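Novice: Have a look at this one.
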Amino acid sequence: SLVESFKIPPRDARSWKVPAGCLWRITCTDGPQVADMNCWSLSNKKERFYSSKTRQIHATHLTTGDRLWSNMPYLRPLATIVEDTIAYGFDDDGAGVHDVIGSRCDPYTNRLLTGEDYNHCCHSNLTRQAKRDTMEEEDVHDVLNVFMCTGFTRDTNQYFTKPSPVEVGDYIEFLAETDLIVSASTCPQGDVSLACGGGGEPTVYPLGVEVYKLEGKWLEERGWGPSEVSPYGGKHGLEK
């Protein structure tokens, strides 16, 4: 059953809470648009999405069945992707969708490259929302690039972006493996059909968010339970 439904405004961020065993969906509602997503354990904001470990365990680009892993010393699945309507795979250029290789756009790199301040990069959008959620800028972390189409060039192995293939009605859906707070920014580059820093004014759309609660004990009857933090003892060879 639907618990919550709203839109993330263009060039901004919003957050939402998802109890363990519930679903959340990010949907292309108005036009092609990518998003930068963070998530944290609801009970401990020090535990958060760890993009590099997720990439190491799964792949550079995520799809159905892949999980979002948390940072050490917790290292457990925060969420599992249960549906991805794009299911893009990899194209002839080696590009895929929903990457964990590129970071969020940020005002510090923008200042370095352009000499100008811009306050609606995804990092800034996520920072404003983090502040509203009683967190700090330092709590914003590397993202899952939802709907973004990226890869590495075959000749120079450099990161590149392509216009997102997302269409109205497409969505990606996650199962929360523990109680979470999730935040996402609608990227100021829209569908990234215009290269970052390349001039022009991208068209930016809102994105839809829905949170669902599964009826009854469907998950529990199939052996599911909330994920647990790593049982590693944490001695690191410092104690005998």
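Simple scheme: letters A, B, ... for chains in structure tokens order, numbers from 1 for residues in each chain, numbers from 1 for ligands in the order shown.
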Would you mind listing, for every residue of region 114-201 of chain A within 9 Å of region 89-98 of chain A, the two atoms forming the shortest contact and the distance between them in Å to one decimal, using only C-alpha atoms, sorted by chain and ascending residue number, as JSON lines?

Specialist:
{"residue": "A:Leu144", "atom": "CA", "partner": "A:His98", "partner_atom": "CA", "distance": 6.5}
{"residue": "A:Asn145", "atom": "CA", "partner": "A:His98", "partner_atom": "CA", "distance": 5.1}
{"residue": "A:Val146", "atom": "CA", "partner": "A:His98", "partner_atom": "CA", "distance": 4.7}
{"residue": "A:Phe147", "atom": "CA", "partner": "A:His98", "partner_atom": "CA", "distance": 5.2}
{"residue": "A:Met148", "atom": "CA", "partner": "A:Val97", "partner_atom": "CA", "distance": 5.3}
{"residue": "A:Cys149", "atom": "CA", "partner": "A:Val97", "partner_atom": "CA", "distance": 4.5}
{"residue": "A:Thr150", "atom": "CA", "partner": "A:Ala95", "partner_atom": "CA", "distance": 5.0}
{"residue": "A:Gly151", "atom": "CA", "partner": "A:Ala95", "partner_atom": "CA", "distance": 4.3}
{"residue": "A:Phe152", "atom": "CA", "partner": "A:Gly94", "partner_atom": "CA", "distance": 6.9}
{"residue": "A:Thr153", "atom": "CA", "partner": "A:Asp93", "partner_atom": "CA", "distance": 7.4}
{"residue": "A:Arg154", "atom": "CA", "partner": "A:Asp93", "partner_atom": "CA", "distance": 7.7}
{"residue": "A:Phe160", "atom": "CA", "partner": "A:Ala95", "partner_atom": "CA", "distance": 8.4}
{"residue": "A:Thr161", "atom": "CA", "partner": "A:Ala95", "partner_atom": "CA", "distance": 8.0}
{"residue": "A:Lys162", "atom": "CA", "partner": "A:Ala95", "partner_atom": "CA", "distance": 7.9}
{"residue": "A:Ser164", "atom": "CA", "partner": "A:Val97", "partner_atom": "CA", "distance": 7.8}
{"residue": "A:Pro165", "atom": "CA", "partner": "A:Val97", "partner_atom": "CA", "distance": 8.4}

Novice: Using DSSP on the backbone coordinates, identify the residues of region 32-219 of chain A assigned to strand (DSSP E); present them as a ChimeraX atom specification.

Specialist: /A:35-41,44-48,67-69,77-84,96-99,144-152,159-162,171-176,180-186,207-212

Novice: If you run DSSP over the backbone, which residues in region 80-191 of chain A end up helix (DSSP H, G or I)? Put them as a PyMOL selection string.

Specialist: chain A and resi 107-114+122-132+137-139

Novice: Could you tell me which of A:Pro163, A:Gly115, A:Gly190, A:Pro73 comes closest to Arg11 (chain A) if we count only C-alpha atoms?

Specialist: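 Between A:Pro163, A:Gly115, A:Gly190, A:Pro73, the residue approaching Arg11 (chain A) most closely is A:Gly190.
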
Novice: For Gln56 (chain A), which residue among A:Thr29, A:Gly21, A:Val100, A:Ala184 is the nearest when counting only C-alpha atoms?

Specialist: A:Val100

Novice: Identify which of the residues A:Thr27, A:Asn157, A:Thr80, A:Ser15 lies closest to Gly169 (chain A), counting only C-alpha atoms when measuring atom-to-atom distances.

Specialist: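 Distance minimum relative to Gly169 (chain A) lands on A:Thr27.
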
Novice: Which of these, A:His236, A:Ser227, A:Leu42, A:Lys213, has the shortest distance to Asp133 (chain A) once you count only C-alpha atoms?

Specialist: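 The closest residue to Asp133 (chain A) is A:Leu42.
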
Novice: Excluding same-chain residues fewer than 4 positions from Leu219 (chain A), what lies within 12 Å of it counting only C-alpha atoms, as a ChimeraX atom specification?

Specialist: /A:20-23,175-177,213-215,223-226

Novice: Please measure the separation of CA of Val211 (chain A) and CA of Val182 (chain A), giving the value in Å to one decimal.

Specialist: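 For CA of Val211 (chain A) relative to CA of Val182 (chain A), the distance reads 10.9 Å.
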